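See structure below.
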Amino acid sequence: LAGTAAAQALIEAEHVSAEFVVQNRVTAPGETTGVAIVNSLAEGWHTYWINPGDSGEPPIIDLELAGGGTQGETRFPAPERLPYPPLMNFGYKDTFTLLTDVTVPADWPAGTPYRVPVRMDWLVCEAICIPEGGSGEIVIDTAAVSAPDSAVAFTFVRAGLSMPKAAPGEAVYRREGDRLVLDVSFGTPEGAAFFPLERGLIDNAAAQFGAAAGDGFSLSLASGKGRIEGAMKGVLRTDDGAWWLTATGPADPPAAASAEPAVRDGTAAQAAGPAVIVGAAQAPQVGLLQALLFAFVGGLILNLMPCVFPVLALKVFGLIAHADAPFAKRAVIGGAYASGVLTAFAVLAAALLTLKSAGVAVGWGFQLQTPAVVAAMAAVVLLVGLNLAGVFEVGTSLTRVGGTGGDGTAGAFGTGVLATIVATPCTAPFMAVAIGAALAASPQMALGVFFALGAGLATPFVVLTLLPGLAKVLPKPGAWMVRLKQFLAFPMFATLAWLVFVLAQLVGPDVLLGALLGLVMIALAAWFFGLAQMGSTRTRRLTASLAGGSLAIALIAAWPAISGSAPTPVQPAYAAGAGEPFSLSRVAELEADGTPAFVNVTAAWCITCKVNERVVFGGDSFADVLSRTGTRYLVADWTRRDPDVSAFLERFGRAGVPLYVHFKGNGEAEVLPQVLTLSMLEQAFQER
């Protein structure tokens with residue numbers, strides 16, 4: 001109780017709370033104070049040790065130490081075996097305490113509190129696994145001489161007793177067939193269990209058998225698939241206590257290369273069937289080269305998705321306009337388009353990584369969950385359409401990819417940016433695996449995957465611009481291109497209609513009216529601007545002033561929508577089809593009851609989702625398949641940010657929608673492809 005009362009930071013989530021307790025009442029500059037992290041778990045839930053076993057991830061603690069302060073190693077108490085048949089995990093239930101320490105900078109002014117922002121994230125599991133976490137601040141009071149805080153002394157004594165101690169004797173390992181035998185020169189075998197520090201060295205779920213031998217005992221373990229390179233480190237736990245071991249022995253010979261793939265998923269191997277994820281499912285393990293390849297192929301396919309169709313016409317227009325240009329000029333146009341795509345993807349990746357590092361649950365298409373961004377996109381698309389229609393002219397506009405009055409380079413760059421913006425509501429095959437793996441890995445890998453995705457999106461247009469003999473294949477430029485340019489405004493207006501629909505889901509009908517009036521005023525401002533381009537100097541001044549006033553009125557009218565003051569969505573996502581609203585507790589309940597279920601993770605702005613819902617989920621045939629197979633249909637709406645839906649996406653290694661998961665009712669779950677057919681679903685639902 002005393003330790004709880006003195007907690008410096010408290011991070012509370014739904015299933016875990018973490019209290020940070022500072023050991024010293026005051027700490028002198030240059031000296032160290034202990035920090036205890038007391039974790040309290042909800043009943044029935046567990047979290048993980050350094051090596052989580054067959055599934056899971058250890059907690060992550062990030063301290064921001066200013067002025068050259070340092071953090072010591074995080075020490076974990078001895079774990080316990082957590083069976084989740086057929087898996088075995090290593091971790092903790094109820095309450096456990098982690099220990100670390102902080103050294104105050106030597107030049108820190110004594111008497112000035114040393115403030116340490118802290119971020120902690122963990123994976124907590126019951127029947128399902130949920131990423132949780134939060135932020136707080138530790139305040140370390142300083143003085144010329146350090147002094148311990150007696151009120152929290154017991155917290156640190158108790159935590160220290162739970163930590164593994166240094167082994168009082170030697171340990172060696174040897175192999176006996178498919179068993180791994182650990183010989184220890186101390187202790188007794190009662191209650192013995194070994195927890196290797198490295199994953200894969202033992203079969204975690206297999207029983208461990210101990211037998212007395214000399215002054216110690218031998219512990220027989222089932223071998224895993226991992227190789228031991230010299231020493232085997234881990235924690236040995238018995239009824240007498242827990243010790244850190246470094247067991248020596250002969251290194252294993254190099255393993256032969258295996259052609260067996262790791263985890264498959266429904267996107268990467270549709271022909272081979274869906275991935276099966278048993279129990280507490282984990283994300284597919286994807287290497288860097290595989291992720292880059294998936295991203296590049298996904299970017300190529302993205303050119304064929306309905307989101308990019310309006311911009312495809314602009315690309316064709318650009319190709320026609322430059323068909324007669326020299327190779328060098330066409331190369332510059334292709335390079336400018338590719339630069340626009342890559343720049344836009346870099347900005348998206350940087351924004352996404354920044355938000356994730358701040359603890360915001362985001363993924364592919366995250367910007368479409370923000371009303372201000374959707375409203376801004378609608379305004380840009382409206383202006384592009386009006387420019388194409390001839391309401392006003394800008395020589396370096398986003399869409400002037402080949403008209404008169406410019407070399408087309410800036411227009412090609414802008415078209416690349418626009419193509420990326422309108423592509424974000426779509427998720428092509430292969431993309432989900434690559435982006436999900438990238439966001440779970442390092443920022444460098446995430447940036448590489450996003451650049452590969454952009455390269456895939458840009459490649460077809462760049463290749464076409466470089467093809468020899470392009471002028472012979474495409475029609476000659478002429479006056480007809482003016483009419484074509486005007487016609488291309490209508491695909492942009494169709495995109496505008498879709499963006500308004502998305503905005504309606506985010507802000508509701510009352511607030512939407514202001515946004516629509518704002519778009520009307522933006523169109524009026526564009527018309528005034530067009531008049532200014534054609535009029536005299538005096539007329540230009542007047543119409544330019546009227547255009548500026550119209551934009552100001554547009555901002556005022558649209559402000560309730562831009563500021564995100566949203567009531568409720570116009571229509572809940574689960575209205576399409578015979579579904580019920582998604583919740584993590586409902587999924588856990590169906591899993592526990594052995595009831596087969598199909599979860600559709602969707603969003604109003606996801607065009608791929610809407611196509612599947614209209615073609616596959618919306619008719620009586622889908623309802624009949626659900627009824628015949630006894631499958632419950634749950635719809636998770638990710639139109640707005642939802643931490644439960646984000647946790648479900650992360651559970652299956654995804655960073656965007658759509659995601660389709662079939663829970664078979666026998667403890668297994670399968671990720672289905674993103675492009676579905678009714679026969680594919682019926683076949684999946686019949687499998688038990």
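By order of appearance in the structure tokens: chains A, B, ..., then residues from 1 within every chain, and ligands from 1 in the order shown.
The list of residues with at least one atom within 12 Å of A:Glu73, based on only C-alpha atoms and without residues fewer than 3 positions apart in the same chain, reads Gly34, Val35, Ile61, Asp62, Leu63, Thr70, Phe76, Leu98, Leu99, Thr100, Asp101, Val102 and Thr103 of chain A.
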Assign secondary structure with DSSP using the backbone only, and return the residues of stretch 534-686 of chain A in strand (DSSP E or B) as a CSV table (one decimal) with C-alpha atoms, in the first residue's frame.
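As a result, selection_7.csv now contains:
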```csv
chain,number,residue,atom,x,y,z
A,580,GLU,CA,-24.0,-7.7,-35.6
A,581,PRO,CA,-21.7,-5.1,-34.1
A,597,ALA,CA,-17.7,-16.7,-36.6
A,598,PHE,CA,-16.8,-14.5,-39.5
A,599,VAL,CA,-15.4,-11.0,-38.7
A,600,ASN,CA,-15.5,-8.3,-41.4
A,601,VAL,CA,-13.2,-5.4,-40.5
A,602,THR,CA,-14.4,-2.5,-42.8
A,632,ARG,CA,-22.1,-15.7,-36.8
A,633,TYR,CA,-21.3,-12.6,-38.7
A,634,LEU,CA,-19.6,-9.7,-36.9
A,635,VAL,CA,-18.8,-6.3,-38.6
A,636,ALA,CA,-16.0,-4.1,-37.1
A,637,ASP,CA,-16.4,-0.5,-38.2
A,659,LEU,CA,-9.5,-7.8,-43.0
A,660,TYR,CA,-11.6,-10.9,-43.1
A,661,VAL,CA,-11.1,-13.5,-40.3
A,662,HIS,CA,-12.9,-16.8,-40.0
A,663,PHE,CA,-13.0,-18.4,-36.5
A,668,GLU,CA,-8.4,-22.0,-35.1
A,669,ALA,CA,-8.7,-18.8,-37.1
A,670,GLU,CA,-8.0,-18.2,-40.7
A,671,VAL,CA,-7.3,-14.9,-42.5
A,672,LEU,CA,-9.2,-14.9,-45.8
```
With DSSP run on the backbone, what are the alpha helix (DSSP H) residues within stretch 6-182 of chain A? I'd like them as a list in words.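 These are the residues in question: Ala153, Phe154, Thr155, Phe156, Val157, Arg158, Ala159, Gly160, Leu161 and Ser162 of chain A.
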Output N, CA, C and O atoms for every residue in the selection just made, as a PDB file, in the first residue's frame.
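Final file, again.pdb:
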```
ATOM      1  N   ALA A 153      10.273   1.021   0.682  1.00  0.00           N
ATOM      2  CA  ALA A 153      11.349   0.035   0.800  1.00  0.00           C
ATOM      3  C   ALA A 153      10.832  -1.387   0.613  1.00  0.00           C
ATOM      4  O   ALA A 153      11.481  -2.220  -0.046  1.00  0.00           O
ATOM      5  N   PHE A 154       9.651  -1.688   1.165  1.00  0.00           N
ATOM      6  CA  PHE A 154       9.143  -3.057   1.076  1.00  0.00           C
ATOM      7  C   PHE A 154       8.827  -3.434  -0.372  1.00  0.00           C
ATOM      8  O   PHE A 154       8.990  -4.589  -0.771  1.00  0.00           O
ATOM      9  N   THR A 155       8.367  -2.447  -1.171  1.00  0.00           N
ATOM     10  CA  THR A 155       8.089  -2.720  -2.588  1.00  0.00           C
ATOM     11  C   THR A 155       9.335  -3.245  -3.287  1.00  0.00           C
ATOM     12  O   THR A 155       9.280  -4.220  -4.055  1.00  0.00           O
ATOM     13  N   PHE A 156      10.481  -2.648  -3.004  1.00  0.00           N
ATOM     14  CA  PHE A 156      11.725  -3.057  -3.665  1.00  0.00           C
ATOM     15  C   PHE A 156      12.276  -4.348  -3.071  1.00  0.00           C
ATOM     16  O   PHE A 156      12.841  -5.178  -3.790  1.00  0.00           O
ATOM     17  N   VAL A 157      12.091  -4.542  -1.752  1.00  0.00           N
ATOM     18  CA  VAL A 157      12.530  -5.805  -1.149  1.00  0.00           C
ATOM     19  C   VAL A 157      11.745  -6.967  -1.740  1.00  0.00           C
ATOM     20  O   VAL A 157      12.310  -7.996  -2.128  1.00  0.00           O
ATOM     21  N   ARG A 158      10.445  -6.815  -1.814  1.00  0.00           N
ATOM     22  CA  ARG A 158       9.605  -7.883  -2.353  1.00  0.00           C
ATOM     23  C   ARG A 158       9.928  -8.138  -3.822  1.00  0.00           C
ATOM     24  O   ARG A 158       9.990  -9.304  -4.266  1.00  0.00           O
ATOM     25  N   ALA A 159      10.138  -7.068  -4.600  1.00  0.00           N
ATOM     26  CA  ALA A 159      10.482  -7.252  -6.009  1.00  0.00           C
ATOM     27  C   ALA A 159      11.825  -7.942  -6.151  1.00  0.00           C
ATOM     28  O   ALA A 159      12.007  -8.811  -7.021  1.00  0.00           O
ATOM     29  N   GLY A 160      12.794  -7.576  -5.317  1.00  0.00           N
ATOM     30  CA  GLY A 160      14.107  -8.211  -5.385  1.00  0.00           C
ATOM     31  C   GLY A 160      14.052  -9.697  -5.092  1.00  0.00           C
ATOM     32  O   GLY A 160      14.778 -10.493  -5.697  1.00  0.00           O
ATOM     33  N   LEU A 161      13.173 -10.103  -4.160  1.00  0.00           N
ATOM     34  CA  LEU A 161      13.051 -11.520  -3.828  1.00  0.00           C
ATOM     35  C   LEU A 161      12.484 -12.332  -4.990  1.00  0.00           C
ATOM     36  O   LEU A 161      12.723 -13.542  -5.083  1.00  0.00           O
ATOM     37  N   SER A 162      11.713 -11.686  -5.869  1.00  0.00           N
ATOM     38  CA  SER A 162      11.131 -12.419  -7.003  1.00  0.00           C
ATOM     39  C   SER A 162      12.077 -12.516  -8.186  1.00  0.00           C
ATOM     40  O   SER A 162      11.786 -13.217  -9.161  1.00  0.00           O
TER      41      SER A 162
END
```
The residue from A:Asp54, A:Asp215, A:Glu19, A:Glu198 with the smallest atom-to-atom distance to A:Ile37, counting only C-alpha atoms, is A:Glu19
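The environment of A:Thr409 within 7 Å, counting only C-alpha atoms and disregarding residues fewer than 3 places along the same chain, consists of Ile333, Ala336, Ala412 and Phe413 of chain A.
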Determine, counting only C-alpha atoms, which protein, DNA and RNA residues have an atom within 12 Å of an atom of A:Pro83; residues of the same chain fewer than 6 positions away are not included. Present the result as number ranges by chain. A: 46, 52-55, 89-92, 126-127, 204-207, 279-280
Just write the chosen residues, N, CA and C atoms, as an mmCIF file, in the first residue's frame.
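Saved to result-v1.cif:
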```cif
data_model
loop_
_atom_site.group_PDB
_atom_site.id
_atom_site.type_symbol
_atom_site.label_atom_id
_atom_site.label_comp_id
_atom_site.auth_asym_id
_atom_site.auth_seq_id
_atom_site.Cartn_x
_atom_site.Cartn_y
_atom_site.Cartn_z
ATOM 1 N N HIS A 46 -3.140 -12.474 -18.762
ATOM 2 C CA HIS A 46 -1.711 -12.655 -18.527
ATOM 3 C C HIS A 46 -0.914 -11.823 -19.526
ATOM 4 N N PRO A 52 8.552 -14.869 -24.629
ATOM 5 C CA PRO A 52 7.144 -15.117 -24.303
ATOM 6 C C PRO A 52 6.693 -16.552 -24.525
ATOM 7 N N GLY A 53 7.550 -17.397 -25.121
ATOM 8 C CA GLY A 53 7.142 -18.768 -25.392
ATOM 9 C C GLY A 53 6.639 -18.910 -26.808
ATOM 10 N N ASP A 54 5.494 -19.594 -26.975
ATOM 11 C CA ASP A 54 4.979 -19.874 -28.316
ATOM 12 C C ASP A 54 4.231 -18.705 -28.931
ATOM 13 N N SER A 55 3.826 -17.741 -28.154
ATOM 14 C CA SER A 55 3.144 -16.564 -28.705
ATOM 15 C C SER A 55 3.316 -15.415 -27.732
ATOM 16 N N ASN A 89 3.045 -20.621 -23.135
ATOM 17 C CA ASN A 89 3.630 -19.295 -23.045
ATOM 18 C C ASN A 89 4.353 -19.121 -21.717
ATOM 19 N N PHE A 90 5.252 -18.145 -21.655
ATOM 20 C CA PHE A 90 5.993 -17.828 -20.447
ATOM 21 C C PHE A 90 5.644 -16.400 -20.039
ATOM 22 N N GLY A 91 5.180 -16.230 -18.813
ATOM 23 C CA GLY A 91 4.822 -14.876 -18.419
ATOM 24 C C GLY A 91 4.283 -14.785 -17.015
ATOM 25 N N TYR A 92 3.295 -13.878 -16.840
ATOM 26 C CA TYR A 92 2.849 -13.510 -15.505
ATOM 27 C C TYR A 92 1.331 -13.324 -15.477
ATOM 28 N N GLU A 126 -6.088 -13.148 -22.884
ATOM 29 C CA GLU A 126 -6.941 -14.138 -22.239
ATOM 30 C C GLU A 126 -7.273 -15.131 -23.333
ATOM 31 N N ALA A 127 -8.546 -15.146 -23.816
ATOM 32 C CA ALA A 127 -8.848 -15.917 -25.019
ATOM 33 C C ALA A 127 -8.359 -15.177 -26.257
ATOM 34 N N ASN A 204 8.364 -25.753 -26.090
ATOM 35 C CA ASN A 204 7.855 -25.118 -24.877
ATOM 36 C C ASN A 204 6.713 -25.893 -24.232
ATOM 37 N N ALA A 205 5.843 -26.488 -25.061
ATOM 38 C CA ALA A 205 4.654 -27.141 -24.518
ATOM 39 C C ALA A 205 4.941 -28.531 -23.961
ATOM 40 N N ALA A 206 6.079 -29.124 -24.312
ATOM 41 C CA ALA A 206 6.385 -30.485 -23.852
ATOM 42 C C ALA A 206 6.712 -30.494 -22.360
ATOM 43 N N ALA A 207 6.421 -31.620 -21.731
ATOM 44 C CA ALA A 207 6.716 -31.769 -20.299
ATOM 45 C C ALA A 207 8.224 -31.780 -20.065
ATOM 46 N N GLY A 279 -5.012 -20.713 -31.827
ATOM 47 C CA GLY A 279 -5.000 -20.115 -30.496
ATOM 48 C C GLY A 279 -4.782 -18.632 -30.554
ATOM 49 N N ALA A 280 -3.894 -18.141 -29.689
ATOM 50 C CA ALA A 280 -3.593 -16.709 -29.629
ATOM 51 C C ALA A 280 -2.783 -16.333 -30.855
#
```
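For the pair atom CA of A:Phe685 and atom CA of A:Val615, the interatomic distance is 17.9 Å.
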Need the shell around A:Ala106: protein/DNA/RNA residues with any atom at most 7 Å away, counting only C-alpha atoms. Skip same-chain ones fewer than 2 positions apart. Format as a ChimeraX atom specification? /A:29-30,104,108
